[in-house]
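As provided, coords_17.txt (compact mmCIF, C-alpha atoms) reads as follows.
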```
# COMPACT_ATOMS: atom_id res chain seq x y z
CA MET A 8 19.50 -1.02 19.51
CA ILE A 9 15.72 -1.32 19.64
CA ARG A 10 14.12 -4.45 18.23
CA VAL A 11 10.69 -4.15 16.59
CA LEU A 12 8.59 -7.04 15.40
CA LEU A 13 6.14 -6.03 12.69
CA PRO A 14 3.12 -8.00 11.46
CA GLN A 15 3.63 -9.74 8.14
CA PRO A 16 1.72 -7.21 5.96
CA LEU A 17 3.96 -4.41 7.21
CA ARG A 18 7.09 -6.51 6.74
CA THR A 19 6.01 -6.96 3.15
CA LEU A 20 5.47 -3.23 2.71
CA ALA A 21 8.80 -2.40 4.35
CA ARG A 22 10.50 -5.24 2.45
CA VAL A 23 12.10 -6.70 5.57
CA GLU A 24 12.30 -10.18 7.04
CA GLY A 25 12.07 -10.94 10.74
CA GLU A 26 12.73 -8.27 13.33
CA VAL A 27 13.75 -4.73 12.53
CA GLU A 28 16.57 -3.12 14.49
CA LEU A 29 16.56 0.62 15.05
CA GLU A 30 18.75 3.23 16.66
CA VAL A 31 16.64 5.58 18.78
CA GLU A 32 18.07 8.79 20.05
CA GLY A 33 16.97 10.08 23.44
CA ALA A 34 14.13 8.63 25.46
CA VAL A 35 12.80 5.30 24.20
CA THR A 36 9.07 5.83 23.91
CA ARG A 37 6.42 4.49 21.59
CA ASP A 38 6.55 7.62 19.48
CA SER A 39 10.33 7.80 19.35
CA VAL A 40 10.48 4.17 18.25
CA LEU A 41 7.79 4.68 15.62
CA ASP A 42 9.47 7.88 14.43
CA ALA A 43 12.70 5.95 13.93
CA LEU A 44 10.80 3.14 12.24
CA GLU A 45 9.14 5.53 9.79
CA ARG A 46 12.44 7.26 9.07
CA ALA A 47 14.01 3.94 8.18
CA TYR A 48 10.99 2.63 6.32
CA PRO A 49 8.92 5.53 4.95
CA ALA A 50 6.52 3.06 3.37
CA LEU A 51 5.16 2.50 6.88
CA CYS A 52 4.12 6.13 7.36
CA GLY A 53 0.40 6.19 8.06
CA THR A 54 0.05 2.45 8.48
CA ILE A 55 0.55 2.27 12.26
CA ARG A 56 -0.34 5.83 13.19
CA ASP A 57 -2.75 8.08 11.37
CA HIS A 58 -0.95 10.44 8.98
CA GLN A 59 -2.43 13.54 10.53
CA THR A 60 -3.40 12.86 14.12
CA ARG A 61 -0.39 10.59 14.76
CA GLU A 62 -2.77 8.45 16.85
CA ARG A 63 -2.57 4.68 16.84
CA ARG A 64 -4.80 3.23 14.13
CA ALA A 65 -7.87 1.59 15.61
CA PHE A 66 -6.93 -2.00 14.74
CA VAL A 67 -3.25 -1.79 15.66
CA ARG A 68 -1.95 -2.76 19.10
CA PHE A 69 1.41 -2.59 20.87
CA PHE A 70 2.90 -5.16 23.22
CA ALA A 71 6.24 -5.72 24.96
CA CYS A 72 7.43 -7.84 27.85
CA GLU A 73 4.02 -9.55 27.99
CA GLN A 74 2.32 -6.21 28.62
CA ASP A 75 -0.34 -4.53 26.51
CA LEU A 76 1.01 -1.05 25.86
CA SER A 77 -1.66 -0.05 23.35
CA HIS A 78 -3.31 2.40 25.68
CA GLU A 79 -0.22 3.83 27.32
CA PRO A 80 0.66 7.44 26.50
CA ALA A 81 2.69 7.71 23.31
CA ASP A 82 5.46 9.54 25.13
CA ALA A 83 5.67 7.15 28.10
CA PRO A 84 9.00 5.33 28.46
CA LEU A 85 8.93 1.79 27.10
CA PRO A 86 10.10 -1.03 29.42
CA GLU A 87 13.81 -1.10 30.10
CA ALA A 88 14.12 -4.50 28.44
CA VAL A 89 12.90 -2.91 25.18
CA ALA A 90 15.19 0.08 25.60
CA ASP A 91 18.27 -2.10 26.03
CA GLY A 92 17.29 -4.52 23.27
CA ARG A 93 16.64 -7.63 25.37
CA GLU A 94 12.96 -7.73 24.33
CA PRO A 95 11.27 -6.68 21.09
CA PHE A 96 8.53 -4.08 20.76
CA LEU A 97 5.61 -5.83 19.09
CA VAL A 98 3.28 -4.13 16.58
CA VAL A 99 0.25 -6.38 16.27
CA GLY A 100 -2.80 -6.25 14.01
CA ALA A 101 -6.00 -6.89 15.95
CA ILE A 102 -7.79 -10.09 14.95
CA ALA A 103 -10.76 -8.19 13.56
CA GLY A 104 -8.77 -5.68 11.57
CA GLY A 105 -8.09 -7.23 8.23
CA ARG A 106 -11.42 -6.65 6.61
CA ALA A 107 -11.17 -4.17 3.80
CA MET B 22 -6.43 -0.35 -10.40
CA LYS B 23 -5.77 1.30 -13.74
CA GLY B 24 -3.02 1.65 -16.31
CA SER B 25 -1.92 4.93 -17.83
CA PRO B 26 -3.30 5.51 -21.33
CA SER B 27 -0.05 7.24 -22.28
CA ASP B 28 2.30 4.61 -20.85
CA PRO B 29 0.89 1.09 -20.62
CA ASP B 30 3.72 0.01 -18.30
CA ARG B 31 2.61 2.54 -15.69
CA VAL B 32 -0.13 1.02 -13.54
CA TYR B 33 -1.62 2.44 -10.35
CA ALA B 34 -3.39 0.36 -7.70
CA SER B 35 -5.03 1.06 -4.37
CA GLN B 36 -5.21 -1.30 -1.42
CA THR B 37 -6.95 -0.69 1.88
CA SER B 38 -7.35 -2.70 5.04
CA GLY B 39 -8.90 -2.11 8.41
CA TRP B 40 -5.49 -2.65 9.98
CA PHE B 41 -3.15 -0.38 8.13
CA GLY B 42 -5.33 1.93 6.07
CA GLN B 43 -4.61 3.21 2.61
CA ILE B 44 -1.73 1.94 0.51
CA ILE B 45 -1.05 3.25 -3.00
CA GLN B 46 1.03 0.97 -5.19
CA ARG B 47 2.61 1.71 -8.54
CA SER B 48 4.16 -0.44 -11.20
CA ASP B 49 6.47 0.90 -13.91
CA ASP B 50 6.85 -2.43 -15.67
CA GLY B 51 3.30 -3.36 -16.54
CA GLY B 52 2.56 -5.02 -13.22
CA LYS B 53 5.57 -7.30 -12.86
CA THR B 54 6.83 -5.42 -9.81
CA TRP B 55 5.16 -2.93 -7.51
CA PHE B 56 6.31 -0.28 -5.08
CA GLN B 57 4.93 2.55 -3.01
CA PRO B 58 5.76 5.78 -4.81
CA GLY B 59 6.43 7.78 -1.62
CA THR B 60 9.69 8.71 0.05
CA PRO B 61 12.41 6.11 -0.61
CA PRO B 62 13.99 4.36 2.39
CA GLY B 63 16.70 6.43 3.98
CA GLU B 64 15.29 9.79 2.88
CA PRO B 65 13.82 12.03 5.58
CA THR B 66 10.07 11.74 6.06
CA THR B 67 9.89 15.30 7.29
CA THR B 68 10.78 18.58 5.67
CA PRO B 69 13.80 20.54 6.95
CA GLU B 70 11.28 22.49 9.03
CA GLY B 71 10.15 19.29 10.71
CA MET B 72 6.79 19.00 8.97
CA PRO B 73 5.73 15.50 7.87
CA LYS B 74 6.03 15.19 4.10
CA GLY B 75 3.08 14.35 1.95
CA GLU B 76 3.44 10.64 1.41
CA SER B 77 1.93 8.44 -1.25
CA ASN B 78 -0.73 7.21 1.14
CA LYS B 79 -1.57 10.57 2.65
CA PHE B 80 -4.83 12.18 1.63
CA VAL B 81 -5.43 15.39 3.53
CA TYR B 82 -8.60 17.36 2.94
CA ASP B 83 -8.05 20.95 1.96
CA THR B 84 -9.53 23.34 4.48
CA SER B 85 -7.92 26.51 3.25
CA GLU B 86 -9.99 29.58 2.52
CA GLU B 87 -8.13 30.23 -0.73
CA THR B 88 -8.67 27.03 -2.62
CA GLY B 89 -11.97 25.74 -1.41
CA ALA B 90 -14.21 26.11 1.54
CA PRO B 91 -13.27 25.11 5.03
CA LEU B 92 -15.97 22.49 4.78
CA THR B 93 -15.92 20.36 7.89
CA THR B 94 -19.06 18.23 7.88
CA HIS B 95 -21.31 16.24 5.59
CA GLN B 96 -24.40 14.29 6.62
CA PHE B 97 -24.61 10.84 8.11
CA TYR B 98 -27.36 8.46 6.92
CA ASP B 99 -29.76 10.02 9.41
CA GLY B 100 -28.93 13.59 8.43
CA LYS B 101 -26.64 14.29 11.38
CA PRO B 102 -23.59 16.40 10.50
CA VAL B 103 -20.40 14.35 10.76
CA PRO B 104 -16.81 15.40 10.15
CA TRP B 105 -15.17 14.69 6.83
CA GLU B 106 -12.72 11.82 7.35
CA PHE B 107 -10.55 10.04 4.81
CA LYS B 108 -11.27 6.32 4.70
CA ARG B 109 -10.00 4.86 1.43
CA VAL B 110 -9.44 5.32 -2.28
CA TRP B 111 -12.22 3.91 -4.45
CA HIS B 112 -10.93 4.68 -7.91
CA LEU B 113 -7.70 5.75 -9.58
CA GLU B 114 -7.86 7.43 -12.98
CA PRO B 115 -4.56 8.16 -14.71
CA SER B 116 -4.33 11.23 -16.94
CA LEU B 117 -4.83 10.70 -20.65
CA ASP B 118 -1.47 12.37 -21.48
CA ASP B 119 0.88 12.32 -18.52
CA PRO B 120 1.79 9.06 -16.76
CA ASP B 121 2.75 10.98 -13.61
CA THR B 122 -0.65 12.63 -13.25
CA VAL B 123 -3.37 10.54 -11.70
CA TYR B 124 -6.68 11.30 -10.02
CA ALA B 125 -8.06 9.50 -6.97
CA GLY B 126 -11.69 9.35 -5.95
CA VAL B 127 -11.93 8.75 -2.23
CA GLU B 128 -14.27 8.10 0.67
CA ASP B 129 -15.41 10.39 2.32
CA ALA B 130 -16.19 11.78 -1.10
CA ALA B 131 -13.49 13.99 -2.55
CA LEU B 132 -11.22 14.16 -5.57
CA PHE B 133 -7.45 14.21 -5.24
CA ARG B 134 -4.75 14.60 -7.86
CA SER B 135 -1.11 13.62 -7.93
CA THR B 136 1.25 15.12 -10.48
CA ASP B 137 4.34 13.25 -9.29
CA GLY B 138 3.44 9.67 -10.01
CA GLY B 139 1.48 9.10 -6.83
CA ARG B 140 4.10 10.39 -4.38
CA THR B 141 1.94 13.20 -3.07
CA TRP B 142 -1.76 14.01 -3.36
CA HIS B 143 -3.65 17.27 -3.29
CA GLU B 144 -7.38 17.74 -3.10
CA LEU B 145 -9.35 19.50 -5.83
CA SER B 146 -11.42 21.04 -3.09
CA GLY B 147 -13.74 23.07 -5.27
CA LEU B 148 -15.80 19.91 -5.63
CA ARG B 149 -16.63 19.58 -1.95
CA GLY B 150 -16.71 23.34 -1.55
CA HIS B 151 -18.98 24.24 -4.44
CA GLY B 152 -22.03 24.60 -2.20
CA THR B 153 -23.88 21.34 -1.70
CA GLY B 154 -21.11 19.36 0.05
CA SER B 155 -22.55 19.75 3.51
CA GLN B 156 -25.75 18.03 2.30
CA TRP B 157 -24.08 14.93 0.89
CA GLN B 158 -24.93 11.62 2.50
CA PRO B 159 -23.37 8.18 2.15
CA GLY B 160 -24.83 5.38 0.11
CA ALA B 161 -24.86 1.82 1.43
CA GLY B 162 -21.19 1.39 0.50
CA GLY B 163 -20.12 4.62 2.17
CA MET B 164 -19.84 8.15 0.85
CA CYS B 165 -17.50 7.44 -2.00
CA LEU B 166 -16.34 9.17 -5.14
CA HIS B 167 -16.18 6.14 -7.40
CA THR B 168 -16.27 7.42 -10.98
CA ILE B 169 -13.83 9.79 -12.68
CA ILE B 170 -14.11 10.47 -16.42
CA LEU B 171 -11.60 12.66 -18.22
CA ASP B 172 -12.90 14.27 -21.39
CA PRO B 173 -10.48 13.51 -24.24
CA SER B 174 -11.70 16.46 -26.31
CA ASP B 175 -11.54 19.05 -23.57
CA ARG B 176 -8.76 18.71 -21.01
CA GLY B 177 -10.55 21.05 -18.65
CA ARG B 178 -13.61 18.88 -18.39
CA ILE B 179 -13.88 16.13 -15.79
CA TYR B 180 -16.94 14.22 -14.68
CA VAL B 181 -17.18 12.52 -11.29
CA ALA B 182 -19.93 10.61 -9.52
CA ILE B 183 -20.53 10.18 -5.82
CA SER B 184 -22.80 7.84 -3.87
CA ALA B 185 -25.14 9.18 -2.75
CA ALA B 186 -24.72 12.75 -3.94
CA GLY B 187 -24.85 12.42 -7.71
CA ALA B 188 -22.82 13.45 -10.74
CA PHE B 189 -20.69 16.58 -10.97
CA ARG B 190 -18.71 18.31 -13.71
CA THR B 191 -15.86 20.76 -13.92
CA ASP B 192 -14.96 22.69 -17.06
CA ASP B 193 -11.84 24.33 -15.68
CA GLY B 194 -9.67 21.39 -14.75
CA GLY B 195 -11.13 20.86 -11.30
CA LYS B 196 -11.23 24.35 -9.86
CA THR B 197 -14.97 24.84 -9.93
CA TRP B 198 -17.72 22.23 -10.06
CA LYS B 199 -21.43 21.98 -10.47
CA PRO B 200 -23.96 19.20 -9.90
CA ILE B 201 -25.29 17.70 -13.14
CA ASN B 202 -28.31 15.74 -11.96
CA ARG B 203 -31.21 17.37 -13.81
CA GLY B 204 -33.57 14.66 -15.03
CA LEU B 205 -32.63 12.12 -12.39
CA HIS B 206 -35.59 10.88 -10.41
CA SER B 207 -34.91 9.04 -7.17
CA GLN B 208 -37.95 7.92 -5.26
CA TYR B 209 -35.91 6.93 -2.23
CA ILE B 210 -35.07 10.53 -1.28
CA PRO B 211 -37.47 13.15 0.10
CA ASP B 212 -37.33 15.29 -3.04
CA PRO B 213 -36.99 12.84 -5.94
CA THR B 214 -35.65 15.53 -8.27
CA ALA B 215 -33.31 17.25 -5.82
CA GLU B 216 -30.12 18.87 -7.07
CA VAL B 217 -28.03 16.38 -5.07
CA GLY B 218 -28.73 13.20 -3.13
CA HIS B 219 -28.97 10.72 -6.01
CA CYS B 220 -27.19 7.42 -5.63
CA VAL B 221 -25.33 7.26 -8.92
CA HIS B 222 -23.61 3.89 -9.20
CA HIS B 223 -21.49 4.40 -12.30
CA VAL B 224 -21.14 6.57 -15.40
CA ALA B 225 -19.55 5.68 -18.75
CA MET B 226 -18.57 7.63 -21.85
CA HIS B 227 -17.34 6.77 -25.33
CA PRO B 228 -14.22 8.83 -26.08
CA ALA B 229 -15.45 9.65 -29.60
CA ARG B 230 -18.59 11.28 -28.21
CA PRO B 231 -17.68 12.89 -24.93
CA GLU B 232 -20.99 14.77 -24.68
CA VAL B 233 -22.88 11.49 -24.38
CA LEU B 234 -22.92 9.91 -20.95
CA PHE B 235 -24.56 6.71 -19.76
CA MET B 236 -25.39 6.21 -16.10
CA GLN B 237 -26.40 3.23 -13.99
CA LYS B 238 -28.18 4.76 -11.03
CA HIS B 239 -29.31 2.97 -7.86
CA TRP B 240 -32.46 2.39 -9.87
CA ASP B 241 -32.71 3.52 -13.51
CA VAL B 242 -30.35 3.50 -16.45
CA MET B 243 -29.96 7.06 -17.71
CA ARG B 244 -28.50 8.88 -20.68
CA SER B 245 -27.35 12.44 -21.28
CA ASP B 246 -26.57 13.89 -24.70
CA ASN B 247 -25.25 17.20 -23.45
CA GLY B 248 -22.48 16.54 -20.97
CA GLY B 249 -24.82 15.84 -18.09
CA GLU B 250 -26.93 19.01 -18.36
CA ASN B 251 -30.03 16.85 -18.74
CA TRP B 252 -30.67 13.16 -18.28
CA ARG B 253 -33.41 10.88 -19.58
CA GLU B 254 -34.20 7.35 -18.61
CA VAL B 255 -33.26 4.58 -21.06
CA SER B 256 -34.02 1.54 -18.90
CA GLY B 257 -36.59 0.46 -21.49
CA ASP B 258 -37.25 -3.28 -21.44
CA LEU B 259 -34.63 -4.30 -18.89
CA PRO B 260 -35.90 -6.94 -16.41
CA THR B 261 -34.81 -4.63 -13.59
CA ASP B 262 -33.06 -1.30 -13.83
CA PHE B 263 -31.12 -1.68 -10.60
CA GLY B 264 -27.44 -2.48 -11.05
CA PHE B 265 -23.93 -1.22 -10.63
CA VAL B 266 -21.84 -1.47 -13.80
CA ILE B 267 -22.32 0.24 -17.14
CA ASP B 268 -19.89 0.43 -20.03
CA VAL B 269 -19.73 1.41 -23.71
CA HIS B 270 -18.47 -0.68 -26.65
CA ALA B 271 -15.03 0.49 -27.82
CA HIS B 272 -16.08 1.07 -31.45
CA GLU B 273 -19.85 1.50 -31.33
CA PRO B 274 -20.78 4.53 -29.22
CA GLU B 275 -24.45 3.51 -29.13
CA THR B 276 -23.73 0.00 -27.86
CA ILE B 277 -23.82 -0.19 -24.08
CA TYR B 278 -23.74 -2.92 -21.47
CA VAL B 279 -25.30 -3.32 -18.02
CA VAL B 280 -25.77 -6.22 -15.62
CA PRO B 281 -29.24 -5.94 -14.07
CA ILE B 282 -29.43 -6.83 -10.38
CA LYS B 283 -32.69 -7.77 -8.72
CA SER B 284 -33.06 -4.90 -6.27
CA ASP B 285 -31.39 -2.66 -3.73
CA ALA B 286 -32.17 -5.22 -1.03
CA GLU B 287 -31.28 -8.32 -3.05
CA HIS B 288 -27.94 -7.92 -4.79
CA TYR B 289 -28.03 -10.82 -7.21
CA PRO B 290 -29.24 -11.37 -10.78
CA PRO B 291 -32.98 -11.90 -11.30
CA ASP B 292 -33.99 -15.58 -11.31
CA GLY B 293 -30.43 -16.64 -10.49
CA LYS B 294 -29.44 -16.08 -14.14
CA LEU B 295 -26.31 -14.05 -14.78
CA ARG B 296 -27.14 -11.96 -17.82
CA VAL B 297 -25.36 -9.04 -19.37
CA TYR B 298 -27.79 -6.80 -21.23
CA ARG B 299 -26.63 -5.03 -24.37
CA SER B 300 -28.33 -2.17 -26.11
CA ARG B 301 -27.24 -1.30 -29.64
CA THR B 302 -29.51 1.71 -29.67
CA GLY B 303 -28.01 3.71 -26.83
CA GLY B 304 -30.61 2.39 -24.41
CA ASN B 305 -34.33 1.52 -24.22
CA GLU B 306 -34.04 -1.65 -26.34
CA TRP B 307 -31.99 -4.32 -24.64
CA GLU B 308 -31.02 -7.91 -25.40
CA ALA B 309 -29.92 -10.50 -22.86
CA LEU B 310 -26.47 -11.99 -23.42
CA THR B 311 -26.31 -15.39 -21.80
CA ASN B 312 -24.05 -17.59 -23.91
CA GLY B 313 -21.42 -18.96 -21.53
CA LEU B 314 -22.82 -17.35 -18.41
CA PRO B 315 -24.46 -19.39 -15.60
CA GLN B 316 -28.23 -19.49 -16.14
CA GLU B 317 -29.32 -21.11 -12.90
CA ASN B 318 -28.52 -20.77 -9.22
CA CYS B 319 -26.21 -17.81 -9.71
CA TYR B 320 -26.33 -15.29 -6.88
CA VAL B 321 -23.30 -13.10 -7.45
CA ASN B 322 -23.21 -9.35 -7.85
CA VAL B 323 -21.16 -7.31 -10.31
CA LEU B 324 -19.71 -4.23 -8.61
CA ARG B 325 -19.49 -0.80 -10.18
CA ASP B 326 -15.84 -0.79 -11.24
CA ALA B 327 -15.80 -4.42 -12.31
CA MET B 328 -16.53 -4.09 -16.04
CA SER B 329 -14.22 -2.99 -18.80
CA VAL B 330 -13.83 -3.10 -22.56
CA ASP B 331 -10.66 -3.39 -24.63
CA THR B 332 -9.87 -1.56 -27.86
CA LEU B 333 -9.49 -4.60 -30.11
CA ASP B 334 -11.77 -5.34 -33.04
CA PRO B 335 -14.06 -7.08 -32.33
CA CYS B 336 -14.34 -5.44 -28.95
CA GLY B 337 -13.53 -7.49 -25.88
CA VAL B 338 -15.77 -7.06 -22.84
CA TYR B 339 -14.81 -8.17 -19.34
CA PHE B 340 -16.53 -8.25 -15.98
CA GLY B 341 -15.85 -9.65 -12.53
CA THR B 342 -18.25 -10.90 -9.89
CA THR B 343 -18.45 -10.94 -6.13
CA GLY B 344 -18.07 -14.71 -6.45
CA GLY B 345 -14.55 -14.29 -7.79
CA GLN B 346 -15.11 -15.09 -11.46
CA VAL B 347 -13.93 -12.87 -14.29
CA TYR B 348 -15.82 -13.44 -17.53
CA ALA B 349 -14.53 -12.33 -20.90
CA SER B 350 -16.16 -11.95 -24.28
CA ARG B 351 -14.09 -11.71 -27.45
CA ASP B 352 -17.08 -10.81 -29.60
CA GLY B 353 -18.73 -7.81 -28.03
CA GLY B 354 -20.79 -9.89 -25.64
CA ASP B 355 -22.21 -12.59 -27.92
CA SER B 356 -20.37 -15.29 -25.98
CA TRP B 357 -18.56 -15.41 -22.67
CA HIS B 358 -16.11 -17.62 -20.87
CA PRO B 359 -14.53 -17.40 -17.43
CA ILE B 360 -10.87 -16.42 -17.57
CA VAL B 361 -10.52 -16.54 -13.77
CA ARG B 362 -12.78 -18.49 -11.46
CA ASP B 363 -11.72 -18.38 -7.83
CA LEU B 364 -10.73 -14.91 -6.75
CA PRO B 365 -12.16 -13.04 -3.76
CA ALA B 366 -14.92 -10.60 -4.65
CA VAL B 367 -13.76 -8.69 -7.73
CA LEU B 368 -13.75 -4.93 -7.15
CA SER B 369 -12.00 -3.68 -10.25
CA VAL B 370 -11.56 -4.92 -13.82
CA GLU B 371 -9.51 -2.95 -16.33
CA ALA B 372 -8.38 -3.98 -19.80
CA GLN B 373 -5.26 -2.92 -21.65
CA ALA B 374 -4.60 -3.76 -25.30
CA LEU B 375 -0.84 -4.08 -25.63
CA PRO B 376 0.99 -3.71 -28.93
```
Here is a file; write its structure as structure tokens.
Amino acid sequence: MIRVLLPQPLRTLARVEGEVELEVEGAVTRDSVLDALERAYPALCGTIRDHQTRERRAFVRFFACEQDLSHEPADAPLPEAVADGREPFLVVGAIAGGRA
Amino acid sequence: MKGSPSDPDRVYASQTSGWFGQIIQRSDDGGKTWFQPGTPPGEPTTTPEGMPKGESNKFVYDTSEETGAPLTTHQFYDGKPVPWEFKRVWHLEPSLDDPDTVYAGVEDAALFRSTDGGRTWHELSGLRGHGTGSQWQPGAGGMCLHTIILDPSDRGRIYVAISAAGAFRTDDGGKTWKPINRGLHSQYIPDPTAEVGHCVHHVAMHPARPEVLFMQKHWDVMRSDNGGENWREVSGDLPTDFGFVIDVHAHEPETIYVVPIKSDAEHYPPDGKLRVYRSRTGGNEWEALTNGLPQENCYVNVLRDAMSVDTLDPCGVYFGTTGGQVYASRDGGDSWHPIVRDLPAVLSVEAQALP
């Protein structure tokens, strides 16, 4: 079970409270986690990754195990502690990002 | 935000943020509850072939040869070609007849349509592809399609306006388009009478006279009596003809409203006095409406989508400011009072008259 902690605006969109728990088949990577997240909560499609390019949106960052994973390859394995559910995968809105 | 004329409980709204991009919201109960009209939780977000589905927030420019032109660039402020890139929805305009059909004007300027209640969107690409698209440049607010007017007497006719390209019209439901900017004169562009390049801020129409259009341009208030084929200036005795909003009285097609703003560099009312100007003669002769509006030290702006009229008699008029006030008039503008005072900058004001 993968744990994902979303920022509040995305929790509101997904209509969830607290952490989200996801089953991820195969390798646990950023993309496989986000794919599972979007399958479970289609309202989040396009909010974390661009609809077309599938790239991380400019003002979204990823952290886990006190590491900044924002610039890691999308298909790189996430830390083992994320893969076995001991630590959450954090989706974080950059401080500057909220301006419309 | 806008409600469907054919179902007042159906309301569409657009949100955008720098974090998470474009979010379309829909209400089916008059605004009590809202949801995203895309794929419901638990349903696959990809087709059986593995392709991502079109979602309610997904606006993909059409680059196919068949339906438009594979137009890839427009101009930046300095004339450099830059790729077309979706940024946000500026205006949602529900169909006059079908609650599930809604148009979206977006930045970078393009027109999209949904026929499934906002679940999926498809570009009417003949607008960008009609020939001048590669010359379009952004206005100060970005290159946005901000005005969509559906002709109630001719379902094939749609007007749109783009900053800073100008006004455009289709007569075949959005397949083909042409610029309708003859008569506009914009001194801030190299050729003041160019076919495109005019910074149109807003256009309004009275449904009883769909051939008559009123326009607030970057500078100049304009009028067309032939569906945009020709325009003439009707700024007349306004204190300044810069501004953003323009609207038409619900029952008097020659009564129009604007809010003059000092200049393109100074976006606040002249002399710090918030005044709506009303013309009962379709332009040229204007009267200041001040009763109930702040007449000193007022430095708010009124943005292009932030004025609306209702269909009651006498006609109600509403507008919102960048200072977060929404003012209402129950008597066609003779007197005003704030109905909301402390919102963030007001981007959109729409009125519905419920039974």
> Could you write out as an NGL selection string the residues of chain A within 10 Å of chain B, counting all atoms listed in the file?
Replying inline: :A and (16-17 or 20-22 or 42 or 45-59 or 64-68 or 99-107)
Since we have the selection now, will you write its residues out, keeping C-alpha atoms, as a compact mmCIF listing (two decimals), in the coordinates of the input?
```txt
# COMPACT_ATOMS: atom_id res chain seq x y z
CA PRO A 16 1.72 -7.21 5.96
CA LEU A 17 3.96 -4.41 7.21
CA LEU A 20 5.47 -3.23 2.71
CA ALA A 21 8.80 -2.40 4.35
CA ARG A 22 10.50 -5.24 2.45
CA ASP A 42 9.47 7.88 14.43
CA GLU A 45 9.14 5.53 9.79
CA ARG A 46 12.44 7.26 9.07
CA ALA A 47 14.01 3.94 8.18
CA TYR A 48 10.99 2.63 6.32
CA PRO A 49 8.92 5.53 4.95
CA ALA A 50 6.52 3.06 3.37
CA LEU A 51 5.16 2.50 6.88
CA CYS A 52 4.12 6.13 7.36
CA GLY A 53 0.40 6.19 8.06
CA THR A 54 0.05 2.45 8.48
CA ILE A 55 0.55 2.27 12.26
CA ARG A 56 -0.34 5.83 13.19
CA ASP A 57 -2.75 8.08 11.37
CA HIS A 58 -0.95 10.44 8.98
CA GLN A 59 -2.43 13.54 10.53
CA ARG A 64 -4.80 3.23 14.13
CA ALA A 65 -7.87 1.59 15.61
CA PHE A 66 -6.93 -2.00 14.74
CA VAL A 67 -3.25 -1.79 15.66
CA ARG A 68 -1.95 -2.76 19.10
CA VAL A 99 0.25 -6.38 16.27
CA GLY A 100 -2.80 -6.25 14.01
CA ALA A 101 -6.00 -6.89 15.95
CA ILE A 102 -7.79 -10.09 14.95
CA ALA A 103 -10.76 -8.19 13.56
CA GLY A 104 -8.77 -5.68 11.57
CA GLY A 105 -8.09 -7.23 8.23
CA ARG A 106 -11.42 -6.65 6.61
CA ALA A 107 -11.17 -4.17 3.80
```
>> Nearest residue to A:Pro80 out of A:Val31, A:Glu26, A:Glu94, A:Arg63, using all atoms listed in the file?
In response: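 Nearest to A:Pro80: A:Arg63.
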Please identify all polymer residues within 6 Å of stretch 330-340 of chain B, counting all atoms listed in the file, omitting same-chain residues fewer than 4 positions from it, and present them as a PDB file with C-alpha atoms, keeping the file's coordinate frame.
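Now in out_29.pdb:
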```pdb
ATOM      1  CA  ALA B 271     -15.030   0.490 -27.820  1.00  0.00           C
ATOM      2  CA  VAL B 347     -13.930 -12.870 -14.290  1.00  0.00           C
ATOM      3  CA  TYR B 348     -15.820 -13.440 -17.530  1.00  0.00           C
ATOM      4  CA  ALA B 349     -14.530 -12.330 -20.900  1.00  0.00           C
ATOM      5  CA  SER B 350     -16.160 -11.950 -24.280  1.00  0.00           C
ATOM      6  CA  ARG B 351     -14.090 -11.710 -27.450  1.00  0.00           C
ATOM      7  CA  ASP B 352     -17.080 -10.810 -29.600  1.00  0.00           C
ATOM      8  CA  GLY B 353     -18.730  -7.810 -28.030  1.00  0.00           C
ATOM      9  CA  ALA B 372      -8.380  -3.980 -19.800  1.00  0.00           C
TER      10      ALA B 372
END
```
> Which of these residues is nearest to A:Arg10, using only C-alpha atoms: A:Asp91, A:Glu24, A:Glu62, A:Glu32?
Replying inline: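 With only C-alpha atoms as the atom set, the closest residue is A:Asp91.
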> In Å, with one decimal, what is the gap from atom CA of A:Cys72 to atom CA of A:Gly25?
Replying inline: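 Those two atoms sit 18.0 Å apart.
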> Quick one: distance from atom CA of B:Lys238 to atom CA of B:Gly304 in Å, one decimal?
Replying inline: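 Distance between the two atoms: 13.8 Å.
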>> Between atom CA of B:His143 and atom CA of B:Gly126, what distance in Å does the model show, to one decimal?
In response: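 Between atom CA of B:His143 and atom CA of B:Gly126 the gap is 11.6 Å.
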> Which residue gives the smallest distance to A:Glu30 among A:Ala90, A:Ala83, A:Leu12, A:Ala71, with all atoms listed in the file counted?
Replying inline: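 Of the candidates, the smallest distance to A:Glu30 is held by A:Ala90.
Excluding B:His223 itself and same-chain residues fewer than 2 positions from it, the residues having an atom within 9 Å of it are His167, Thr168, Ala182, Ile183, Val221, Ala225, Phe235, Met236, Gln237, Lys238, Phe265, Val266, Ile267, Asp268, Arg325 and Asp326 of chain B, counting only C-alpha atoms.
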> From the set A:Ser77, A:Val35, A:Glu28, A:Thr19, which residue has the shortest atom-to-atom contact distance to A:Pro95, counting all atoms listed in the file?
Replying inline: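 Smallest separation from A:Pro95 among the options: A:Glu28.
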> So which residues are close to (-27.2, -8.0, -11.6), meaning at most 9 Å away in the file's coordinates with only C-alpha atoms counted, and can you show them as a list in words?
Replying inline: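 Looking at atoms near the point gives Thr261, Phe263, Gly264, Phe265, Val266, Val279, Val280, Pro281, Ile282, Lys283, Ser284, His288, Tyr289, Pro290, Pro291, Lys294, Leu295, Arg296, Val297, Tyr320, Val321, Asn322, Val323 and Leu324 of chain B.
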> Closest to A:Leu97 among A:Phe70, A:Val40, A:Val23, A:Thr60, using all atoms listed in the file?
Replying inline: A:Phe70
